[in-house]
Amino acid sequence: REAPGEAAAAGADGEVVTMQRLRSLWLRLRCRQMRMLHEACQVYPIEHTLQGKVEVWTIRGLALASIDKLLHVDPREEESVSTALGWLVHLLTTFAGILEVPLRFDVRDAGSSRTCIRDLCDSDPWVIAGK
């Protein structure tokens with residue numbers, strides 16, 4: 001028979017091993033998430049560039065319109081703006097899925113030609129983006 005102290009020591013060793021395995025699994029998960037995020041950034045590269053004298057952000061070479069421009073332009077009429085916004089929404093939902101983080105907005109049909117975005121904090125929440 002084991003002495004009571006030996007059983008307690010064996011139990012403590014088992015907990016240490018379990019904690020080490022959990023830490024190892026967590027690190028492997030984080031590394032995998034980082035690789036997947038990097039791969040998504042390769043598909044949808046976002047860059048800060050100069051177009052003429054204006055600094056703009058681009059996604060896959062298409063300019064992301066400023067909020068001021070979006071307020072005055074119907075994105076459904078502007079194909080490049082609509083495409084860039086669609087890619088941005090798809091990248092955002094991909095990141096949220098990889099990191100398992102809920103979004104404030106409910107996005108339906110991300111990546112399709114018509115994406116619906118619902119603001120969960122708004123009384124009239126549905127916005128249709130795309131063509």
# chains A, B, ... in the order shown; residues from 1 in each chain; ligands from 1
call {"tool": "residues_around", "arguments": {"residues": "Ala40 of chain A", "least_positions_apart": "4", "cutoff": "8 Å", "atoms": "only C-alpha atoms", "output": "MDAnalysis selection string"}}
result
chainID A and resid 36 44 91 94:95
call {"tool": "residues_around", "arguments": {"residues": "Thr49 of chain A", "least_positions_apart": "5", "cutoff": "10 Å", "atoms": "only C-alpha atoms", "output": "PDB file with N, CA, C and O atoms, in the first residue's frame"}}
result
ATOM      1  N   VAL A  54      -2.998  61.551 -52.629  1.00  0.00           N
ATOM      2  CA  VAL A  54      -3.907  61.113 -51.570  1.00  0.00           C
ATOM      3  C   VAL A  54      -3.448  59.765 -51.015  1.00  0.00           C
ATOM      4  O   VAL A  54      -3.147  58.844 -51.770  1.00  0.00           O
ATOM      5  N   GLU A  55      -3.402  59.667 -49.692  1.00  0.00           N
ATOM      6  CA  GLU A  55      -3.094  58.397 -49.039  1.00  0.00           C
ATOM      7  C   GLU A  55      -4.369  57.575 -48.929  1.00  0.00           C
ATOM      8  O   GLU A  55      -5.394  58.086 -48.471  1.00  0.00           O
ATOM      9  N   VAL A  56      -4.301  56.328 -49.366  1.00  0.00           N
ATOM     10  CA  VAL A  56      -5.475  55.461 -49.308  1.00  0.00           C
ATOM     11  C   VAL A  56      -5.069  54.074 -48.822  1.00  0.00           C
ATOM     12  O   VAL A  56      -3.917  53.663 -48.944  1.00  0.00           O
ATOM     13  N   TRP A  57      -6.041  53.384 -48.277  1.00  0.00           N
ATOM     14  CA  TRP A  57      -5.873  51.987 -47.930  1.00  0.00           C
ATOM     15  C   TRP A  57      -6.439  51.167 -49.084  1.00  0.00           C
ATOM     16  O   TRP A  57      -7.495  51.504 -49.622  1.00  0.00           O
ATOM     17  N   THR A  58      -5.748  50.103 -49.456  1.00  0.00           N
ATOM     18  CA  THR A  58      -6.233  49.246 -50.529  1.00  0.00           C
ATOM     19  C   THR A  58      -6.312  47.808 -50.038  1.00  0.00           C
ATOM     20  O   THR A  58      -5.581  47.403 -49.130  1.00  0.00           O
ATOM     21  N   GLY A  61      -5.373  45.675 -54.078  1.00  0.00           N
ATOM     22  CA  GLY A  61      -5.185  46.700 -55.089  1.00  0.00           C
ATOM     23  C   GLY A  61      -6.363  47.626 -55.315  1.00  0.00           C
ATOM     24  O   GLY A  61      -6.241  48.620 -56.022  1.00  0.00           O
ATOM     25  N   ALA A  63      -9.005  50.422 -53.937  1.00  0.00           N
ATOM     26  CA  ALA A  63      -9.063  51.420 -52.868  1.00  0.00           C
ATOM     27  C   ALA A  63     -10.289  51.217 -51.995  1.00  0.00           C
ATOM     28  O   ALA A  63     -11.390  50.952 -52.496  1.00  0.00           O
TER      29      ALA A  63
END
call {"tool": "atom_distance", "arguments": {"atom1": "atom CA of Asp74 of chain A", "atom2": "atom CA of Arg60 of chain A"}}
result
21.2 Å
call {"tool": "closest_residue", "arguments": {"among": "A:Ile98, A:Val81, A:Leu88, A:Leu50", "to": "Arg32 of chain A", "atoms": "only C-alpha atoms"}}
result
A:Ile98
call {"tool": "closest_residue", "arguments": {"among": "A:Lys53, A:Leu62, A:Glu100, A:Val16", "to": "Glu78 of chain A", "atoms": "only C-alpha atoms"}}
result
A:Leu62
call {"tool": "residues_around", "arguments": {"residues": "Leu103 of chain A", "least_positions_apart": "6", "cutoff": "9 Å", "atoms": "only C-alpha atoms", "output": "PyMOL selection string"}}
result
chain A and resi 92-93+96
call {"tool": "decode", "arguments": {"residues": "segment 1-97 of chain A", "atoms": "C-alpha atoms", "output": "PDB file, in the first residue's frame"}}
result
ATOM      1  CA  ARG A   1       0.000   0.000   0.000  1.00  0.00           C
ATOM      2  CA  GLU A   2       1.004   3.576  -0.673  1.00  0.00           C
ATOM      3  CA  ALA A   3       1.489   5.976   2.142  1.00  0.00           C
ATOM      4  CA  PRO A   4      -0.971   8.902   2.126  1.00  0.00           C
ATOM      5  CA  GLY A   5       1.815  11.351   1.257  1.00  0.00           C
ATOM      6  CA  GLU A   6       2.881   9.294  -1.770  1.00  0.00           C
ATOM      7  CA  ALA A   7      -0.652   9.277  -3.217  1.00  0.00           C
ATOM      8  CA  ALA A   8      -0.872  13.051  -2.826  1.00  0.00           C
ATOM      9  CA  ALA A   9       2.504  13.497  -4.536  1.00  0.00           C
ATOM     10  CA  ALA A  10       1.434  11.251  -7.434  1.00  0.00           C
ATOM     11  CA  GLY A  11      -1.779  13.281  -7.796  1.00  0.00           C
ATOM     12  CA  ALA A  12       0.158  16.552  -7.837  1.00  0.00           C
ATOM     13  CA  ASP A  13       2.514  15.165 -10.507  1.00  0.00           C
ATOM     14  CA  GLY A  14      -0.499  14.179 -12.604  1.00  0.00           C
ATOM     15  CA  GLU A  15      -1.884  17.711 -12.346  1.00  0.00           C
ATOM     16  CA  VAL A  16       1.451  19.189 -13.421  1.00  0.00           C
ATOM     17  CA  VAL A  17       1.559  16.884 -16.449  1.00  0.00           C
ATOM     18  CA  THR A  18      -2.033  17.774 -17.326  1.00  0.00           C
ATOM     19  CA  MET A  19      -1.296  21.496 -17.052  1.00  0.00           C
ATOM     20  CA  GLN A  20       1.786  21.080 -19.240  1.00  0.00           C
ATOM     21  CA  ARG A  21      -0.258  19.228 -21.866  1.00  0.00           C
ATOM     22  CA  LEU A  22      -2.967  21.909 -21.775  1.00  0.00           C
ATOM     23  CA  ARG A  23      -0.358  24.640 -22.177  1.00  0.00           C
ATOM     24  CA  SER A  24       1.222  22.761 -25.074  1.00  0.00           C
ATOM     25  CA  LEU A  25      -2.164  22.339 -26.782  1.00  0.00           C
ATOM     26  CA  TRP A  26      -2.993  26.006 -26.237  1.00  0.00           C
ATOM     27  CA  LEU A  27       0.340  27.074 -27.777  1.00  0.00           C
ATOM     28  CA  ARG A  28      -0.231  24.787 -30.767  1.00  0.00           C
ATOM     29  CA  LEU A  29      -3.709  26.279 -31.237  1.00  0.00           C
ATOM     30  CA  ARG A  30      -2.361  29.844 -31.088  1.00  0.00           C
ATOM     31  CA  CYS A  31       0.386  28.997 -33.607  1.00  0.00           C
ATOM     32  CA  ARG A  32      -2.193  27.473 -35.954  1.00  0.00           C
ATOM     33  CA  GLN A  33      -4.419  30.539 -35.605  1.00  0.00           C
ATOM     34  CA  MET A  34      -1.469  32.817 -36.397  1.00  0.00           C
ATOM     35  CA  ARG A  35      -0.622  30.767 -39.504  1.00  0.00           C
ATOM     36  CA  MET A  36      -4.238  30.893 -40.669  1.00  0.00           C
ATOM     37  CA  LEU A  37      -4.417  34.668 -40.101  1.00  0.00           C
ATOM     38  CA  HIS A  38      -1.207  35.095 -42.090  1.00  0.00           C
ATOM     39  CA  GLU A  39      -2.628  32.991 -44.932  1.00  0.00           C
ATOM     40  CA  ALA A  40      -5.835  35.063 -44.977  1.00  0.00           C
ATOM     41  CA  CYS A  41      -3.711  38.230 -45.187  1.00  0.00           C
ATOM     42  CA  GLN A  42      -1.940  36.727 -48.205  1.00  0.00           C
ATOM     43  CA  VAL A  43      -5.294  36.278 -49.953  1.00  0.00           C
ATOM     44  CA  TYR A  44      -6.562  39.760 -49.027  1.00  0.00           C
ATOM     45  CA  PRO A  45      -3.475  41.993 -48.611  1.00  0.00           C
ATOM     46  CA  ILE A  46      -4.268  45.407 -47.136  1.00  0.00           C
ATOM     47  CA  GLU A  47      -1.785  48.152 -47.925  1.00  0.00           C
ATOM     48  CA  HIS A  48      -1.439  51.850 -47.211  1.00  0.00           C
ATOM     49  CA  THR A  49      -0.431  53.565 -50.468  1.00  0.00           C
ATOM     50  CA  LEU A  50      -0.389  56.873 -52.298  1.00  0.00           C
ATOM     51  CA  GLN A  51      -2.760  57.402 -55.214  1.00  0.00           C
ATOM     52  CA  GLY A  52      -1.694  60.711 -56.665  1.00  0.00           C
ATOM     53  CA  LYS A  53      -1.315  62.951 -53.627  1.00  0.00           C
ATOM     54  CA  VAL A  54      -3.907  61.113 -51.570  1.00  0.00           C
ATOM     55  CA  GLU A  55      -3.094  58.397 -49.039  1.00  0.00           C
ATOM     56  CA  VAL A  56      -5.475  55.461 -49.308  1.00  0.00           C
ATOM     57  CA  TRP A  57      -5.873  51.987 -47.930  1.00  0.00           C
ATOM     58  CA  THR A  58      -6.233  49.246 -50.529  1.00  0.00           C
ATOM     59  CA  ILE A  59      -7.309  45.618 -50.390  1.00  0.00           C
ATOM     60  CA  ARG A  60      -5.973  43.484 -53.246  1.00  0.00           C
ATOM     61  CA  GLY A  61      -5.185  46.700 -55.089  1.00  0.00           C
ATOM     62  CA  LEU A  62      -8.694  48.216 -54.858  1.00  0.00           C
ATOM     63  CA  ALA A  63      -9.063  51.420 -52.868  1.00  0.00           C
ATOM     64  CA  LEU A  64     -11.180  51.291 -49.736  1.00  0.00           C
ATOM     65  CA  ALA A  65     -13.363  54.384 -49.810  1.00  0.00           C
ATOM     66  CA  SER A  66     -13.422  56.739 -46.847  1.00  0.00           C
ATOM     67  CA  ILE A  67     -16.568  57.084 -44.772  1.00  0.00           C
ATOM     68  CA  ASP A  68     -17.144  60.549 -46.270  1.00  0.00           C
ATOM     69  CA  LYS A  69     -17.087  59.113 -49.800  1.00  0.00           C
ATOM     70  CA  LEU A  70     -19.319  56.181 -48.837  1.00  0.00           C
ATOM     71  CA  LEU A  71     -21.936  58.588 -47.467  1.00  0.00           C
ATOM     72  CA  HIS A  72     -22.184  60.303 -50.875  1.00  0.00           C
ATOM     73  CA  VAL A  73     -21.882  57.280 -53.176  1.00  0.00           C
ATOM     74  CA  ASP A  74     -24.223  54.313 -53.540  1.00  0.00           C
ATOM     75  CA  PRO A  75     -21.841  51.328 -53.159  1.00  0.00           C
ATOM     76  CA  ARG A  76     -24.129  49.255 -55.386  1.00  0.00           C
ATOM     77  CA  GLU A  77     -23.417  51.666 -58.256  1.00  0.00           C
ATOM     78  CA  GLU A  78     -19.649  51.717 -57.747  1.00  0.00           C
ATOM     79  CA  GLU A  79     -18.308  48.254 -58.629  1.00  0.00           C
ATOM     80  CA  SER A  80     -14.768  48.718 -57.274  1.00  0.00           C
ATOM     81  CA  VAL A  81     -16.060  50.143 -53.967  1.00  0.00           C
ATOM     82  CA  SER A  82     -18.555  47.306 -53.648  1.00  0.00           C
ATOM     83  CA  THR A  83     -15.907  44.694 -54.431  1.00  0.00           C
ATOM     84  CA  ALA A  84     -13.409  46.166 -51.952  1.00  0.00           C
ATOM     85  CA  LEU A  85     -16.059  46.291 -49.213  1.00  0.00           C
ATOM     86  CA  GLY A  86     -17.092  42.705 -49.962  1.00  0.00           C
ATOM     87  CA  TRP A  87     -13.482  41.537 -49.650  1.00  0.00           C
ATOM     88  CA  LEU A  88     -13.093  43.480 -46.413  1.00  0.00           C
ATOM     89  CA  VAL A  89     -16.237  41.903 -44.928  1.00  0.00           C
ATOM     90  CA  HIS A  90     -15.072  38.448 -46.005  1.00  0.00           C
ATOM     91  CA  LEU A  91     -11.652  39.030 -44.403  1.00  0.00           C
ATOM     92  CA  LEU A  92     -13.292  40.265 -41.201  1.00  0.00           C
ATOM     93  CA  THR A  93     -15.609  37.255 -40.940  1.00  0.00           C
ATOM     94  CA  THR A  94     -12.678  34.942 -41.699  1.00  0.00           C
ATOM     95  CA  PHE A  95     -10.641  36.515 -38.882  1.00  0.00           C
ATOM     96  CA  ALA A  96     -13.590  36.246 -36.484  1.00  0.00           C
ATOM     97  CA  GLY A  97     -14.015  32.569 -37.351  1.00  0.00           C
TER      98      GLY A  97
END
